[in-house]
Structure formats: structure tokens, C-alpha cells
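Here the structure is laid out as C-alpha cells; the discussion comes afterwards.
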Amino acid sequence: MNWLRRSSSEPLWKEEFPVRTADERYVTRRQLTKFLVLTSFGMFVGNLWILFRSLFYKPPTHPQQTVARLGDLPVGGVKLFTYPTNYDHCILVRTAENEHVAFSQKCTHLSCAVYYSQENNRLECPCHKGFFSIADGSVLQGPPSRPLPRIILEKRGDELVAVGIKVS
Amino acid sequence: MPGNSELPPKTRGLTAIAGAMSLIAVLLIVQVWLLSATLESFLAGNRGSAPPAAIFSGLMFLICFGLYRFVDSIDSDVRNSSGDR
């Protein structure tokens, strides 16, 4: 049974784990530096992508779409519709006898659906309490940093027609 | 108190790598902030901020890459001098 006997006087764990802690830390730091530089390259690529999108940006053309009849809604009434595609939900509010406003229903913070609060006369996001002005969609309170995109409406006869989107 | 030249090569290498990592980390934080601010501005319809942001982000990446090359050269020197890996 001599082959079972260890020749070295070193403890067994030193023979089985010959990597020194200092060496291991040394390699790990080099790898982390490489990873940080790759992440920096990723950030640069992200900025290049935004630059590419802004250089080749084409203003979208919006269809004309009838969203409601003038007498459909009472003052303070709300109608939901989609514009310009079926995936873009919008909210139409009759704020006065002869005044209608429409905005994208998607909160500019994290895309929750905003609703009209008649008692506060503002648009409210229930997720994080972001409030928007009913007059122009600007942010009144909360985490959103951008106003709601406004749907441009035109009165044609007794119909309200959406003709575009104003992003400010 | 021993000077820098009296320290073992591996210790000096570790110090250099730690310093470069700190600088790269600071630059990376600025890059993350720059990307998020540019994206926010782009989504708000302002497209004028994209070109300078891309240029500055590229500069910061080049500095990070230069620091990495510096670390790599130090690492090679240390390995050659100590006969390591």
C-alpha cells in the first residue's frame, strides 16, 4: 500500500488547491477591467444607435381619423380611441362646451394608462401618481419627465377628426 | 516607509490595475448617465443632442480602452519579471 502514501510533507489541502489567493485576485481584477471596457463599448454603441436614429429620422405621416361626433360626449365626458395605429391608445376629453382635447393614454414614465380625473380636472397615472395638465399635457407632479403627446384635433362639420400628433 | 520602486512587481501591478479600474468605473458611470439623458432627450423629440453625446461617449470609450491597454502592458511586464503564467 505504498502508493497510497503521500510523498510530500505539505498538508493535503495545499497539494489539492495550489492556486494562491493573491494570484486569483490578480486574474479576477484583470478580467473585471476587460468587462468594464466592454461595457463602456456597449454604452458607446447605444449612443451611436441614437445618433443613427436621429440622422435618419423621418417625420411620421399621420392618417386622418374621425374620433367622435361633437354631441357624443357631455362636458367632462371621456372617450377612448386608438390613433394612429390600433396599438396606440388615446383619450379624448370634452373639457368645456366647445372644447375637446385628446392625448396619448400612455404615461411617459412607464407606459401605464392615464385616466381623466374630473374632480381634479387633470389626467392621472394610477401606477406612480404622475399627474398631467388637461390643458396641454404637461407634467404637474410625479416621476414622468416628459409631457403626454397631444393628438391634434380638427372640427369638420359635427365631427372631430384626429389629424396628427404633437410631441413636445 | 518604502517607496513605490521597493514594492514587489506584483503589488505594483495590483495597485496600477486598481487605479485604472477606478478611473474606468468613473468614466463608465458618466457614460451610463450620458446614454440615459440622450435617450430621454431623443424620445422627447429633441434630436440635436445625439451627435455631441455620441462624440463624448466615443472619447470616453477610447480613454477606457487606453487604460485597459496600459493595464495590459503593466500586467505583461509583471508576468515577465516574475516568470508568472
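The way I read the labels, and the way they are meant: chains A, B, ... in the order of the C-alpha cells, residue 1 as the first residue of every chain, and ligand 1 as the first ligand shown, with later ones counted on from there.
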
- Task: Fewer than 6 positions away in the same chain doesn't count, so skip those; otherwise give me all residues within 12 Å of Met21 in chain B, counting only C-alpha atoms, as a PyMOL selection string.
- Result: (chain A and resi 28-37) or (chain B and resi 14-15+27-28+63-68+70-71)

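If you count only C-alpha atoms and ignore residues fewer than 4 places along the chain from Glu99 in chain A, what sits within 12 Å of it is A:Leu70, A:Gly71, A:Leu73, A:Pro74, A:Val75, A:Gly76, A:Gly77, A:Leu92, A:Val93, A:Arg94, A:Thr95, A:Ile134, A:Ala135, A:Leu153, A:Glu154, A:Lys155, A:Leu160.
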
Would you tabulate, counting only C-alpha atoms, all residues of chain A that have an atom at most 8 Å from an atom of chain B, showing the closest pair of atoms and their distance in Å to one decimal, sorted by chain then ascending number, as a tab-separated table?
```
residue	atom	partner	partner_atom	distance
A:Tyr26	CA	B:Leu14	CA	6.6
A:Arg29	CA	B:Ile17	CA	7.2
A:Arg30	CA	B:Ile17	CA	7.2
A:Thr33	CA	B:Met21	CA	5.9
A:Lys34	CA	B:Tyr68	CA	6.9
A:Leu36	CA	B:Ile24	CA	7.0
A:Val37	CA	B:Cys64	CA	5.9
A:Thr39	CA	B:Leu28	CA	7.7
A:Ser40	CA	B:Phe61	CA	5.6
A:Phe41	CA	B:Phe61	CA	5.9
A:Met43	CA	B:Gln31	CA	6.3
A:Phe44	CA	B:Ser57	CA	5.3
A:Gly46	CA	B:Leu35	CA	6.9
A:Asn47	CA	B:Ala54	CA	5.0
A:Leu48	CA	B:Ala54	CA	5.7
A:Ile50	CA	B:Ala50	CA	6.4
A:Leu51	CA	B:Ala50	CA	5.0
A:Ser54	CA	B:Arg47	CA	5.6
A:Arg146	CA	B:Ala44	CA	6.5
A:Val167	CA	B:Gly45	CA	6.5
A:Ser168	CA	B:Ala44	CA	6.3
```

What would the file look like if the residues just selected were written as a PDB file, in the first residue's frame with N, CA and C atoms?
```pdb
ATOM      1  N   TYR A  26      -5.571  38.655  -8.616  1.00  0.00           N
ATOM      2  CA  TYR A  26      -4.897  39.371  -9.698  1.00  0.00           C
ATOM      3  C   TYR A  26      -5.614  39.126 -11.027  1.00  0.00           C
ATOM      4  N   ARG A  29      -9.194  40.747 -11.217  1.00  0.00           N
ATOM      5  CA  ARG A  29      -9.195  42.187 -11.462  1.00  0.00           C
ATOM      6  C   ARG A  29      -8.945  42.491 -12.931  1.00  0.00           C
ATOM      7  N   ARG A  30      -8.058  41.734 -13.545  1.00  0.00           N
ATOM      8  CA  ARG A  30      -7.810  41.944 -14.978  1.00  0.00           C
ATOM      9  C   ARG A  30      -9.073  41.659 -15.772  1.00  0.00           C
ATOM     10  N   THR A  33     -11.570  44.448 -15.355  1.00  0.00           N
ATOM     11  CA  THR A  33     -11.196  45.611 -16.166  1.00  0.00           C
ATOM     12  C   THR A  33     -11.638  45.414 -17.610  1.00  0.00           C
ATOM     13  N   LYS A  34     -11.412  44.221 -18.131  1.00  0.00           N
ATOM     14  CA  LYS A  34     -11.825  43.919 -19.502  1.00  0.00           C
ATOM     15  C   LYS A  34     -13.346  44.039 -19.639  1.00  0.00           C
ATOM     16  N   LEU A  36     -15.383  45.873 -17.804  1.00  0.00           N
ATOM     17  CA  LEU A  36     -15.776  47.284 -17.718  1.00  0.00           C
ATOM     18  C   LEU A  36     -15.561  47.991 -19.050  1.00  0.00           C
ATOM     19  N   VAL A  37     -14.452  47.678 -19.722  1.00  0.00           N
ATOM     20  CA  VAL A  37     -14.179  48.313 -21.022  1.00  0.00           C
ATOM     21  C   VAL A  37     -15.193  47.851 -22.060  1.00  0.00           C
ATOM     22  N   THR A  39     -18.257  47.005 -21.396  1.00  0.00           N
ATOM     23  CA  THR A  39     -19.495  47.719 -21.060  1.00  0.00           C
ATOM     24  C   THR A  39     -19.442  49.148 -21.585  1.00  0.00           C
ATOM     25  N   SER A  40     -18.266  49.781 -21.468  1.00  0.00           N
ATOM     26  CA  SER A  40     -18.086  51.131 -21.994  1.00  0.00           C
ATOM     27  C   SER A  40     -18.324  51.135 -23.504  1.00  0.00           C
ATOM     28  N   PHE A  41     -17.849  50.090 -24.191  1.00  0.00           N
ATOM     29  CA  PHE A  41     -18.084  49.984 -25.632  1.00  0.00           C
ATOM     30  C   PHE A  41     -19.587  49.850 -25.916  1.00  0.00           C
ATOM     31  N   MET A  43     -22.021  51.110 -24.122  1.00  0.00           N
ATOM     32  CA  MET A  43     -22.623  52.442 -23.950  1.00  0.00           C
ATOM     33  C   MET A  43     -22.391  53.286 -25.203  1.00  0.00           C
ATOM     34  N   PHE A  44     -21.189  53.188 -25.761  1.00  0.00           N
ATOM     35  CA  PHE A  44     -20.850  53.939 -26.972  1.00  0.00           C
ATOM     36  C   PHE A  44     -21.733  53.485 -28.140  1.00  0.00           C
ATOM     37  N   GLY A  46     -24.672  52.213 -27.902  1.00  0.00           N
ATOM     38  CA  GLY A  46     -26.013  52.748 -27.630  1.00  0.00           C
ATOM     39  C   GLY A  46     -26.147  54.181 -28.106  1.00  0.00           C
ATOM     40  N   ASN A  47     -25.137  55.007 -27.813  1.00  0.00           N
ATOM     41  CA  ASN A  47     -25.171  56.402 -28.265  1.00  0.00           C
ATOM     42  C   ASN A  47     -25.112  56.484 -29.791  1.00  0.00           C
ATOM     43  N   LEU A  48     -24.323  55.593 -30.413  1.00  0.00           N
ATOM     44  CA  LEU A  48     -24.262  55.582 -31.884  1.00  0.00           C
ATOM     45  C   LEU A  48     -25.620  55.222 -32.482  1.00  0.00           C
ATOM     46  N   ILE A  50     -28.568  55.821 -31.167  1.00  0.00           N
ATOM     47  CA  ILE A  50     -29.444  57.007 -31.059  1.00  0.00           C
ATOM     48  C   ILE A  50     -29.071  58.020 -32.145  1.00  0.00           C
ATOM     49  N   LEU A  51     -27.759  58.190 -32.378  1.00  0.00           N
ATOM     50  CA  LEU A  51     -27.305  59.119 -33.427  1.00  0.00           C
ATOM     51  C   LEU A  51     -27.811  58.664 -34.793  1.00  0.00           C
ATOM     52  N   SER A  54     -31.472  59.377 -35.098  1.00  0.00           N
ATOM     53  CA  SER A  54     -31.797  60.802 -35.236  1.00  0.00           C
ATOM     54  C   SER A  54     -31.363  61.342 -36.598  1.00  0.00           C
ATOM     55  N   ARG A 146     -41.560  63.882 -19.197  1.00  0.00           N
ATOM     56  CA  ARG A 146     -41.996  64.471 -20.469  1.00  0.00           C
ATOM     57  C   ARG A 146     -43.518  64.608 -20.483  1.00  0.00           C
ATOM     58  N   VAL A 167     -45.617  66.089 -30.317  1.00  0.00           N
ATOM     59  CA  VAL A 167     -44.756  65.651 -29.204  1.00  0.00           C
ATOM     60  C   VAL A 167     -43.921  66.848 -28.783  1.00  0.00           C
ATOM     61  N   SER A 168     -44.005  67.224 -27.512  1.00  0.00           N
ATOM     62  CA  SER A 168     -43.223  68.400 -27.074  1.00  0.00           C
ATOM     63  C   SER A 168     -42.317  68.020 -25.921  1.00  0.00           C
TER      64      SER A 168
END
```

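We find CA of Leu148 in chain A and CA of Trp49 in chain A to be spaced 24.5 Å apart.
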
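Distance-wise, CA of Pro63 in chain A and CA of Phe81 in chain A end up 14.1 Å apart.
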
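A straight line drawn from CA of Gln105 in chain A to CA of Asp88 in chain A is 8.0 Å long.
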
- Task: Could you pull out the residues in chain B that DSSP calls alpha helix (DSSP H) from the backbone, as a PyMOL selection string?
- Result: chain B and resi 9-43+50-82
